[in-house]
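*Asks:* Here it is, the structure, as structure tokens.
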Amino acid sequence: MKEQLHQYLLLLADNPLILGHRLSELCGHGPNLETDIALTNISLDLFGQVRNYLQYAAEVQSEGKTEDDLAFLRYEHEYRNVVLAEQPNRDFAWVIARQFFFDAYHLSLLEQLGNSNDTQIAAIANKSIKEVKYHHHFSSEWVKRLGDGTVESHQKMQDAINHFWPYAGELFEETNIEKEMKELGIGADLKLVQTNFKAFTNDVILQANLKIPEINWAHSGGKKGVHSEHLGFILAELQYMQRAYPNMAW
Amino acid sequence: MVTMINQTETVVREILSTVTDPEIPVLTIEDMGIIREINIHGKSVKVIITPTYSGCPAMDHIATDIKTALKNAGYEPEVISILSPPWSSLWISENGRKKMEAYGIAAPLDATADKKALIGGQKIVKCTRCSSTNTRLISQFGSTACKALFQCNDCLEPFDYFKCI
């Protein structure tokens with residue numbers, strides 16, 4: 001049970017960790033100052049939430065490890081984030097589409113986790129959801145602005161939605177750990193999360209004058225530790241300081 | 001005995017009132033409403049605080065500042081951070097809101113009005129310079145996690161608005 005809870009916390013932590021890192025890469029590189037600051041603020045919120053999950057995961061594990069050990073010293077196959085989170089920042093439409101799908105999932109996930117039988121998970125979720133509502137609003141507004149904008153912005157947003165659509169499916173794929181945690185009343189029911197996700201996203205996509213893609217296959221693997229080629233490069237940067245200077249602290 | 005404890009608590013609260021938010025230095029942690037509980041046993045003082053935002057980098061500084069202030073006064077401090085119930089901008093004291101406005105940050109509206117200002121585009125956030133409500137949202141995310149950026153259409157002053165959470 002302890003091991004399963006630990007693994008479940010890693011599943012919860014790794015998406016915001018890896019996506020937060022992707023967003024942090026945009027610091028100083030956003031399309032304009034306001035969006036740059038918004039994306040890095042979202043990144044900061046996600047890192048804060050990750051710290052809460054990983055501190056708890058380290059405590060549950062009780063092997064004397066810290067949040068930093070869990071964030072920085074695991075190998076690639078030990079990260080449990082979905083493949084969506086590690087996809088690169090190709091252009092702004094990509095950044096927004098990736099964020100939009102994640103935020104819609106994240107918001108409906110946290111709504112459920114707020115009622116978890118595990119009081120610490122519920123506390124983290126009820127804290128995080130206040131922040132994630134702002135993220136979800138930000139990404140939804142940009143989907144609408146770009147989708148309902150110029151011919152070019154519309155095309156780029158539609159392409160990005162089509163590109164990331166098959167990546168969203170993995171968010172709702174239930175692993176054994178998630179099934180077990182759901183049955184114990186600790187974890188979320190991903191079927192319900194998916195229903196709310198669809199309601200959130202379809203509504204915004206239609207308001208944005210975009211088409212809902214007719215794609216019915218999904219990428220998979222990240223939750224089981226099978227990642228795309230991008231994660232290795234992220235970890236090379238993310239882990240550099242701890243690997244080069246073991247146990248360094250700020 | 002009861003009076004003694006109350007006296008110590010008053011002294012401890014006075015010491016804590018010298019600790020300020022490093023990002024909004026006019027506000028004390030008491031003004032911000034982040035102190036949830038103080039437990040005193042003799043010289044040992046346990047202060048329970050709650051973060052404003054999960055990723056707020058000021059929290060670590062605040063915890064260190066609390067410890068330093070109490071140690072300097074001869075206490076043995078312990079600072080614990082709890083997440084539940086989650087911090088709300090409603091916990092900022094009336095005095096804190098006044099100081100915030102004087103410092104140039106528009107104080108948070110209630111949840112409904114906040115939504116109208118940030119999502120509905122309604123002109124209700126007052127300019128901290130000229131008090132006009134003819135203002136516009138520049139960005140929902142501002143200089144720190146807790147703020148949005150506004151600009152006054154009348155005097156053109158750009159200013160921060162403390163978001164409602």
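Residue numbers start at 1 in each chain; chains themselves are named A, B, ... in the order of the structure tokens; ligands are numbered from 1 in the order shown.
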Counting only C-alpha atoms, what is within 12 Å of Asp36 (chain A), bar same-chain residues fewer than 6 positions away, as a PyMOL selection string?
*Replies:* (chain A and resi 23-30+42-43+92+95) or (chain B and resi 139-143)
*Asks:* Convert the current residue selection to file output with N, CA and C atoms, as an mmCIF file, in the first residue's frame.
*Replies:*
```
data_model
loop_
_atom_site.group_PDB
_atom_site.id
_atom_site.type_symbol
_atom_site.label_atom_id
_atom_site.label_comp_id
_atom_site.auth_asym_id
_atom_site.auth_seq_id
_atom_site.Cartn_x
_atom_site.Cartn_y
_atom_site.Cartn_z
ATOM 1 N N LEU A 23 7.748 24.733 -19.837
ATOM 2 C CA LEU A 23 7.319 26.135 -19.795
ATOM 3 C C LEU A 23 8.466 27.032 -19.347
ATOM 4 N N SER A 24 9.304 26.517 -18.444
ATOM 5 C CA SER A 24 10.410 27.342 -17.949
ATOM 6 C C SER A 24 11.405 27.635 -19.068
ATOM 7 N N GLU A 25 11.444 26.769 -20.081
ATOM 8 C CA GLU A 25 12.348 27.016 -21.217
ATOM 9 C C GLU A 25 11.945 28.282 -21.977
ATOM 10 N N LEU A 26 10.688 28.704 -21.779
ATOM 11 C CA LEU A 26 10.210 29.886 -22.503
ATOM 12 C C LEU A 26 10.563 31.186 -21.781
ATOM 13 N N CYS A 27 11.174 31.080 -20.608
ATOM 14 C CA CYS A 27 11.531 32.282 -19.845
ATOM 15 C C CYS A 27 12.477 33.141 -20.700
ATOM 16 N N GLY A 28 12.024 34.346 -21.025
ATOM 17 C CA GLY A 28 12.830 35.217 -21.885
ATOM 18 C C GLY A 28 12.638 34.939 -23.364
ATOM 19 N N HIS A 29 11.802 33.963 -23.697
ATOM 20 C CA HIS A 29 11.588 33.613 -25.110
ATOM 21 C C HIS A 29 10.110 33.627 -25.496
ATOM 22 N N GLY A 30 9.257 34.145 -24.639
ATOM 23 C CA GLY A 30 7.821 34.195 -24.965
ATOM 24 C C GLY A 30 7.584 35.150 -26.122
ATOM 25 N N ILE A 42 2.896 30.236 -14.689
ATOM 26 C CA ILE A 42 2.217 28.936 -14.674
ATOM 27 C C ILE A 42 3.236 27.861 -14.305
ATOM 28 N N SER A 43 4.421 27.976 -14.892
ATOM 29 C CA SER A 43 5.499 27.046 -14.582
ATOM 30 C C SER A 43 5.798 27.043 -13.074
ATOM 31 N N PHE A 92 4.080 28.938 -30.761
ATOM 32 C CA PHE A 92 3.163 29.355 -29.699
ATOM 33 C C PHE A 92 1.855 28.557 -29.733
ATOM 34 N N VAL A 95 2.485 25.415 -27.905
ATOM 35 C CA VAL A 95 2.565 25.644 -26.454
ATOM 36 C C VAL A 95 1.152 25.755 -25.879
ATOM 37 N N SER B 139 -2.545 41.883 -18.346
ATOM 38 C CA SER B 139 -2.208 40.466 -18.291
ATOM 39 C C SER B 139 -2.713 39.875 -16.986
ATOM 40 N N GLN B 140 -3.270 38.663 -17.087
ATOM 41 C CA GLN B 140 -3.754 37.992 -15.880
ATOM 42 C C GLN B 140 -2.626 37.557 -14.976
ATOM 43 N N PHE B 141 -1.424 37.508 -15.526
ATOM 44 C CA PHE B 141 -0.264 37.095 -14.738
ATOM 45 C C PHE B 141 0.694 38.273 -14.676
ATOM 46 N N GLY B 142 1.138 38.621 -13.487
ATOM 47 C CA GLY B 142 1.969 39.812 -13.332
ATOM 48 C C GLY B 142 3.336 39.508 -12.764
ATOM 49 N N SER B 143 3.883 40.512 -12.036
ATOM 50 C CA SER B 143 5.269 40.434 -11.580
ATOM 51 C C SER B 143 5.521 39.320 -10.569
#
```
*Asks:* Using DSSP secondary structure from the backbone, list all alpha helix (DSSP H) positions within chain B, as a PyMOL selection string.
*Replies:* chain B and resi 2-16+29-32+58-72+94-103+111-118
*Asks:* If the cut-off is 10 Å, can you tell me the residues of chain A near chain B, counting only C-alpha atoms? I'd like them as a short mmCIF file (atom, residue, chain, number, x, y, z; two decimals) with N, CA and C atoms, in the first residue's frame.
*Replies:*
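Written output follows (selection_1.cif):
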```
data_model
loop_
_atom_site.label_atom_id
_atom_site.label_comp_id
_atom_site.auth_asym_id
_atom_site.auth_seq_id
_atom_site.Cartn_x
_atom_site.Cartn_y
_atom_site.Cartn_z
N LEU A 33 6.09 40.17 -23.79
CA LEU A 33 6.43 40.19 -22.36
C LEU A 33 5.33 39.57 -21.50
N GLU A 34 4.07 39.93 -21.79
CA GLU A 34 2.97 39.45 -20.95
C GLU A 34 2.82 37.92 -21.02
N THR A 35 2.92 37.38 -22.23
CA THR A 35 2.77 35.92 -22.36
C THR A 35 3.97 35.21 -21.75
N ASP A 36 5.13 35.80 -21.91
CA ASP A 36 6.34 35.24 -21.32
C ASP A 36 6.17 35.11 -19.81
N ILE A 37 5.69 36.21 -19.20
CA ILE A 37 5.52 36.22 -17.74
C ILE A 37 4.40 35.25 -17.33
N ALA A 38 3.34 35.19 -18.15
CA ALA A 38 2.23 34.29 -17.82
C ALA A 38 2.71 32.83 -17.84
N LEU A 39 3.43 32.46 -18.88
CA LEU A 39 3.86 31.06 -19.01
C LEU A 39 4.84 30.66 -17.90
N THR A 40 5.71 31.60 -17.52
CA THR A 40 6.65 31.27 -16.45
C THR A 40 5.96 31.28 -15.07
N ASN A 41 4.92 32.11 -14.94
CA ASN A 41 4.13 32.07 -13.71
C ASN A 41 3.41 30.73 -13.57
N ILE A 42 2.90 30.24 -14.69
CA ILE A 42 2.22 28.94 -14.67
C ILE A 42 3.24 27.86 -14.31
N SER A 43 4.42 27.98 -14.89
CA SER A 43 5.50 27.05 -14.58
C SER A 43 5.80 27.04 -13.07
N LEU A 44 5.87 28.23 -12.50
CA LEU A 44 6.17 28.37 -11.06
C LEU A 44 5.07 27.72 -10.21
N ASP A 45 3.83 27.96 -10.57
CA ASP A 45 2.72 27.31 -9.84
C ASP A 45 2.86 25.80 -9.91
N LEU A 46 3.16 25.29 -11.11
CA LEU A 46 3.27 23.84 -11.27
C LEU A 46 4.41 23.29 -10.42
N PHE A 47 5.55 23.98 -10.41
CA PHE A 47 6.67 23.51 -9.59
C PHE A 47 6.31 23.49 -8.10
N GLY A 48 5.55 24.49 -7.67
CA GLY A 48 5.12 24.53 -6.27
C GLY A 48 4.26 23.31 -5.94
N GLN A 49 3.37 22.98 -6.87
CA GLN A 49 2.50 21.82 -6.65
C GLN A 49 3.32 20.54 -6.65
N VAL A 50 4.30 20.46 -7.56
CA VAL A 50 5.19 19.29 -7.61
C VAL A 50 5.91 19.11 -6.28
N ARG A 51 6.38 20.21 -5.71
CA ARG A 51 7.11 20.11 -4.44
C ARG A 51 6.20 19.50 -3.36
N ASN A 52 4.94 19.94 -3.34
CA ASN A 52 4.01 19.39 -2.35
C ASN A 52 3.84 17.88 -2.53
N THR A 119 -5.96 12.73 3.25
CA THR A 119 -6.14 14.15 3.56
C THR A 119 -5.05 15.03 2.95
N GLN A 120 -3.83 14.51 2.84
CA GLN A 120 -2.76 15.34 2.27
C GLN A 120 -2.98 15.55 0.77
N ALA A 122 -5.85 15.53 -0.71
CA ALA A 122 -6.99 16.46 -0.80
C ALA A 122 -6.53 17.89 -0.54
N ALA A 123 -5.64 18.06 0.45
CA ALA A 123 -5.15 19.42 0.78
C ALA A 123 -4.36 20.00 -0.40
N ILE A 124 -3.50 19.18 -1.00
CA ILE A 124 -2.70 19.67 -2.15
C ILE A 124 -3.64 20.03 -3.30
N ALA A 125 -4.63 19.17 -3.55
CA ALA A 125 -5.55 19.42 -4.67
C ALA A 125 -6.37 20.69 -4.45
N ASN A 126 -6.87 20.87 -3.22
CA ASN A 126 -7.70 22.05 -2.95
C ASN A 126 -6.89 23.34 -3.00
N LYS A 127 -5.60 23.21 -2.71
CA LYS A 127 -4.71 24.37 -2.84
C LYS A 127 -4.44 24.65 -4.32
N SER A 128 -4.08 23.59 -5.06
CA SER A 128 -3.66 23.73 -6.46
C SER A 128 -4.78 24.22 -7.36
N ILE A 129 -5.99 23.79 -7.07
CA ILE A 129 -7.09 24.07 -8.01
C ILE A 129 -7.33 25.58 -8.17
N LYS A 130 -7.07 26.33 -7.10
CA LYS A 130 -7.25 27.78 -7.18
C LYS A 130 -6.31 28.36 -8.23
N GLU A 131 -5.11 27.79 -8.32
CA GLU A 131 -4.11 28.27 -9.28
C GLU A 131 -4.44 27.78 -10.69
N LYS A 133 -7.24 27.05 -12.06
CA LYS A 133 -8.37 27.74 -12.71
C LYS A 133 -7.86 28.90 -13.57
N TYR A 134 -6.86 29.61 -13.07
CA TYR A 134 -6.29 30.71 -13.84
C TYR A 134 -5.54 30.18 -15.08
N HIS A 135 -4.85 29.05 -14.92
CA HIS A 135 -4.12 28.47 -16.06
C HIS A 135 -5.11 28.09 -17.16
N HIS A 137 -8.07 29.15 -17.70
CA HIS A 137 -8.67 30.31 -18.35
C HIS A 137 -7.70 30.91 -19.37
N PHE A 138 -6.44 31.00 -18.99
CA PHE A 138 -5.41 31.57 -19.88
C PHE A 138 -5.31 30.78 -21.18
N GLU A 141 -8.52 31.00 -23.38
CA GLU A 141 -8.66 32.29 -24.05
C GLU A 141 -7.75 32.38 -25.28
#
```
*Asks:* In Å, how far is it from CA of Pro77 (chain B) to CA of Leu54 (chain A)?
*Replies:*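 Computing the Euclidean distance for CA of Pro77 (chain B) and CA of Leu54 (chain A) yields 25.3 Å.
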*Asks:* Find the residues around region 130-134 of chain B up to 9 Å (only C-alpha atoms counted), leave out those fewer than 6 positions away in its own chain, and share them as a ChimeraX atom specification.
*Replies:* /B:123-124,151-155,157
*Asks:* How would the residues just picked look written out with N, CA and C atoms as an mmCIF file, in the first residue's frame?
*Replies:*
```
data_model
loop_
_atom_site.group_PDB
_atom_site.id
_atom_site.type_symbol
_atom_site.label_atom_id
_atom_site.label_comp_id
_atom_site.auth_asym_id
_atom_site.auth_seq_id
_atom_site.Cartn_x
_atom_site.Cartn_y
_atom_site.Cartn_z
ATOM 1 N N LYS B 123 -14.928 47.097 -15.928
ATOM 2 C CA LYS B 123 -14.007 48.109 -15.395
ATOM 3 C C LYS B 123 -14.322 48.402 -13.934
ATOM 4 N N ILE B 124 -13.821 47.582 -13.032
ATOM 5 C CA ILE B 124 -14.109 47.797 -11.612
ATOM 6 C C ILE B 124 -12.861 47.897 -10.749
ATOM 7 N N GLN B 151 -3.743 48.558 -16.389
ATOM 8 C CA GLN B 151 -3.316 49.910 -16.724
ATOM 9 C C GLN B 151 -4.531 50.834 -16.659
ATOM 10 N N CYS B 152 -4.278 52.063 -16.198
ATOM 11 C CA CYS B 152 -5.356 53.042 -16.112
ATOM 12 C C CYS B 152 -5.516 53.720 -17.475
ATOM 13 N N ASN B 153 -6.743 53.789 -17.982
ATOM 14 C CA ASN B 153 -6.981 54.445 -19.274
ATOM 15 C C ASN B 153 -6.965 55.970 -19.140
ATOM 16 N N ASP B 154 -7.178 56.482 -17.914
ATOM 17 C CA ASP B 154 -7.202 57.931 -17.726
ATOM 18 C C ASP B 154 -5.811 58.513 -17.494
ATOM 19 N N CYS B 155 -5.103 57.992 -16.473
ATOM 20 C CA CYS B 155 -3.783 58.578 -16.196
ATOM 21 C C CYS B 155 -2.648 57.734 -16.773
ATOM 22 N N GLU B 157 -1.304 55.093 -15.833
ATOM 23 C CA GLU B 157 -0.435 54.399 -14.876
ATOM 24 C C GLU B 157 -0.613 52.868 -14.999
#
```
*Asks:* If we count only C-alpha atoms, what is near Ala93 (chain A) at a cut-off of 12 Å, once residues fewer than 3 positions away on the same chain are taken out, given as a ChimeraX atom specification?
*Replies:* /A:30-31,88-90,96-100,139-140,142-147,152-164
*Asks:* Would you save the residues of that selection, restricted to C-alpha atoms, as an mmCIF file, in the first residue's frame?
*Replies:*
```cif
data_model
loop_
_atom_site.group_PDB
_atom_site.id
_atom_site.type_symbol
_atom_site.label_atom_id
_atom_site.label_comp_id
_atom_site.auth_asym_id
_atom_site.auth_seq_id
_atom_site.Cartn_x
_atom_site.Cartn_y
_atom_site.Cartn_z
ATOM 1 C CA GLY A 30 7.821 34.195 -24.965
ATOM 2 C CA PRO A 31 6.151 35.881 -27.943
ATOM 3 C CA PRO A 88 8.698 20.481 -27.372
ATOM 4 C CA ASN A 89 7.739 24.174 -27.664
ATOM 5 C CA ARG A 90 7.699 24.233 -31.464
ATOM 6 C CA ILE A 96 -1.067 26.712 -26.104
ATOM 7 C CA ALA A 97 -2.605 23.465 -27.422
ATOM 8 C CA ARG A 98 -0.437 21.333 -25.116
ATOM 9 C CA GLN A 99 -1.309 23.584 -22.174
ATOM 10 C CA PHE A 100 -5.004 23.671 -23.073
ATOM 11 C CA SER A 139 -4.967 28.650 -22.288
ATOM 12 C CA SER A 140 -8.681 28.578 -23.248
ATOM 13 C CA TRP A 142 -5.624 31.868 -26.307
ATOM 14 C CA VAL A 143 -7.194 28.911 -28.132
ATOM 15 C CA LYS A 144 -10.201 31.160 -28.835
ATOM 16 C CA ARG A 145 -8.132 34.178 -29.816
ATOM 17 C CA LEU A 146 -5.909 32.241 -32.205
ATOM 18 C CA GLY A 147 -8.657 29.968 -33.534
ATOM 19 C CA GLU A 152 -2.917 32.090 -40.427
ATOM 20 C CA SER A 153 -3.495 31.953 -36.666
ATOM 21 C CA HIS A 154 -6.617 29.835 -37.252
ATOM 22 C CA GLN A 155 -4.667 27.348 -39.363
ATOM 23 C CA LYS A 156 -1.790 27.149 -36.863
ATOM 24 C CA MET A 157 -4.168 26.612 -33.938
ATOM 25 C CA GLN A 158 -6.114 23.926 -35.814
ATOM 26 C CA ASP A 159 -2.860 22.160 -36.760
ATOM 27 C CA ALA A 160 -1.707 22.243 -33.133
ATOM 28 C CA ILE A 161 -5.060 20.908 -31.865
ATOM 29 C CA ASN A 162 -4.873 18.098 -34.445
ATOM 30 C CA HIS A 163 -1.293 17.367 -33.487
ATOM 31 C CA PHE A 164 -1.898 17.141 -29.726
#
```
*Asks:* Find the spatial neighbours of region 187-203 of chain A, counting only C-alpha atoms, within a cut-off of 6 Å - ignore same-chain residues fewer than 5 positions away - and output them as a list in words.
*Replies:*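 Those residues are Ala104, Tyr105, Ser108, Leu109, Gln112, Leu113, Phe172, Met181 and Lys182 of chain A.
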*Asks:* Might you pull out every residue within 12 Å of region 37-41 of chain B, with only C-alpha atoms counted and same-chain residues fewer than 2 positions away left off, and present them as a PDB file with C-alpha atoms, in the first residue's frame?
*Replies:*
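Result file part_2.pdb:
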```
ATOM      1  CA  MET B   4       1.177  34.549  31.601  1.00  0.00           C
ATOM      2  CA  ILE B   5       0.469  32.513  28.494  1.00  0.00           C
ATOM      3  CA  ASN B   6      -1.541  35.372  27.032  1.00  0.00           C
ATOM      4  CA  GLN B   7       1.299  37.744  27.777  1.00  0.00           C
ATOM      5  CA  THR B   8       3.801  35.480  26.049  1.00  0.00           C
ATOM      6  CA  GLU B   9       1.511  35.153  23.069  1.00  0.00           C
ATOM      7  CA  THR B  10       1.231  38.926  22.850  1.00  0.00           C
ATOM      8  CA  VAL B  11       5.021  39.212  22.960  1.00  0.00           C
ATOM      9  CA  VAL B  12       5.410  36.513  20.294  1.00  0.00           C
ATOM     10  CA  ARG B  13       2.811  38.186  18.095  1.00  0.00           C
ATOM     11  CA  LEU B  16       6.054  38.205  14.377  1.00  0.00           C
ATOM     12  CA  GLU B  30       0.000  38.980  10.092  1.00  0.00           C
ATOM     13  CA  GLY B  33      -3.180  36.205   7.093  1.00  0.00           C
ATOM     14  CA  ILE B  34      -0.656  33.434   6.652  1.00  0.00           C
ATOM     15  CA  ILE B  35      -0.136  32.709  10.369  1.00  0.00           C
ATOM     16  CA  LYS B  43      10.569  29.013  25.437  1.00  0.00           C
ATOM     17  CA  SER B  44       9.644  26.773  22.526  1.00  0.00           C
ATOM     18  CA  VAL B  45       7.335  28.391  19.997  1.00  0.00           C
ATOM     19  CA  LYS B  46       5.687  26.554  17.153  1.00  0.00           C
ATOM     20  CA  VAL B  47       4.376  28.789  14.368  1.00  0.00           C
ATOM     21  CA  ILE B  48       2.052  27.229  11.817  1.00  0.00           C
ATOM     22  CA  ILE B  49       1.871  29.077   8.519  1.00  0.00           C
ATOM     23  CA  THR B  50       0.168  28.454   5.185  1.00  0.00           C
ATOM     24  CA  ILE B  66      10.275  34.009  11.540  1.00  0.00           C
ATOM     25  CA  LEU B  70      12.156  34.483  17.450  1.00  0.00           C
ATOM     26  CA  TYR B  75      12.885  31.633  21.859  1.00  0.00           C
ATOM     27  CA  GLU B  76      13.329  28.194  20.298  1.00  0.00           C
ATOM     28  CA  PRO B  77      11.248  28.427  17.150  1.00  0.00           C
ATOM     29  CA  GLU B  78       9.785  25.789  14.896  1.00  0.00           C
ATOM     30  CA  VAL B  79       7.918  26.709  11.707  1.00  0.00           C
ATOM     31  CA  ILE B  80       5.483  24.302  10.109  1.00  0.00           C
ATOM     32  CA  SER B  81       3.687  24.887   6.824  1.00  0.00           C
ATOM     33  CA  ILE B  82       0.228  23.419   6.285  1.00  0.00           C
TER      34      ILE B  82
END
```
*Asks:* Pick out the closest residue to Gly96 (chain B) from this set: B:Lys147, B:Ala73, B:Pro108, B:His61. Count only C-alpha atoms.
*Replies:*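 Among the listed residues, B:Pro108 lies closest to Gly96 (chain B).
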*Asks:* What is the distance between CA of Tyr161 (chain B) and CA of Gly104 (chain B), in Å to one decimal?
*Replies:*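 These two atoms are separated by 8.9 Å.
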*Asks:* Suppose you want the space between CA of His227 (chain A) and CA of Leu210 (chain A); what is it in Å?
*Replies:*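 For CA of His227 (chain A) relative to CA of Leu210 (chain A), the distance reads 29.6 Å.
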*Asks:* Calculated over only C-alpha atoms, which of the candidates B:Gln122, B:Ser89, B:Thr20, B:Thr128 has the smallest distance to Tyr103 (chain B)?
*Replies:*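 Under the stated criterion, the closest residue is B:Thr128.
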*Asks:* Select, from A:Phe101, A:Gly221, A:Thr150, A:Asn115, the residue with the minimum atom-to-atom distance to Ile205 (chain A), counting only C-alpha atoms.
*Replies:*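 Among A:Phe101, A:Gly221, A:Thr150, A:Asn115, it is A:Phe101 that comes nearest to Ile205 (chain A).
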*Asks:* Report as a ChimeraX atom specification: the residues of region 21-151 of chain B with a DSSP assignment of strand (DSSP E or B), based on the backbone of this structure.
*Replies:* /B:21,24-28,35-41,44-49,76-81,105-106,135-139,147-151
*Asks:* What lies within 6 Å of Ala218 (chain A) using only C-alpha atoms, ignoring chain neighbours under 3 positions off, as a PyMOL selection string?
*Replies:* chain A and resi 166-167+169
*Asks:* Print the selection's residues with N, CA and C atoms to a file, as a PDB file, in the first residue's frame.
*Replies:*
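The resulting again09.pdb:
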```pdb
ATOM      1  N   PRO A 166      -4.104  13.311 -30.310  1.00  0.00           N
ATOM      2  CA  PRO A 166      -3.791  11.914 -29.964  1.00  0.00           C
ATOM      3  C   PRO A 166      -2.934  11.775 -28.699  1.00  0.00           C
ATOM      4  N   TYR A 167      -2.338  12.886 -28.254  1.00  0.00           N
ATOM      5  CA  TYR A 167      -1.530  12.822 -27.023  1.00  0.00           C
ATOM      6  C   TYR A 167      -2.409  12.910 -25.776  1.00  0.00           C
ATOM      7  N   GLY A 169      -5.166  11.306 -25.109  1.00  0.00           N
ATOM      8  CA  GLY A 169      -5.764  10.033 -24.704  1.00  0.00           C
ATOM      9  C   GLY A 169      -5.070   9.360 -23.527  1.00  0.00           C
TER      10      GLY A 169
END
```
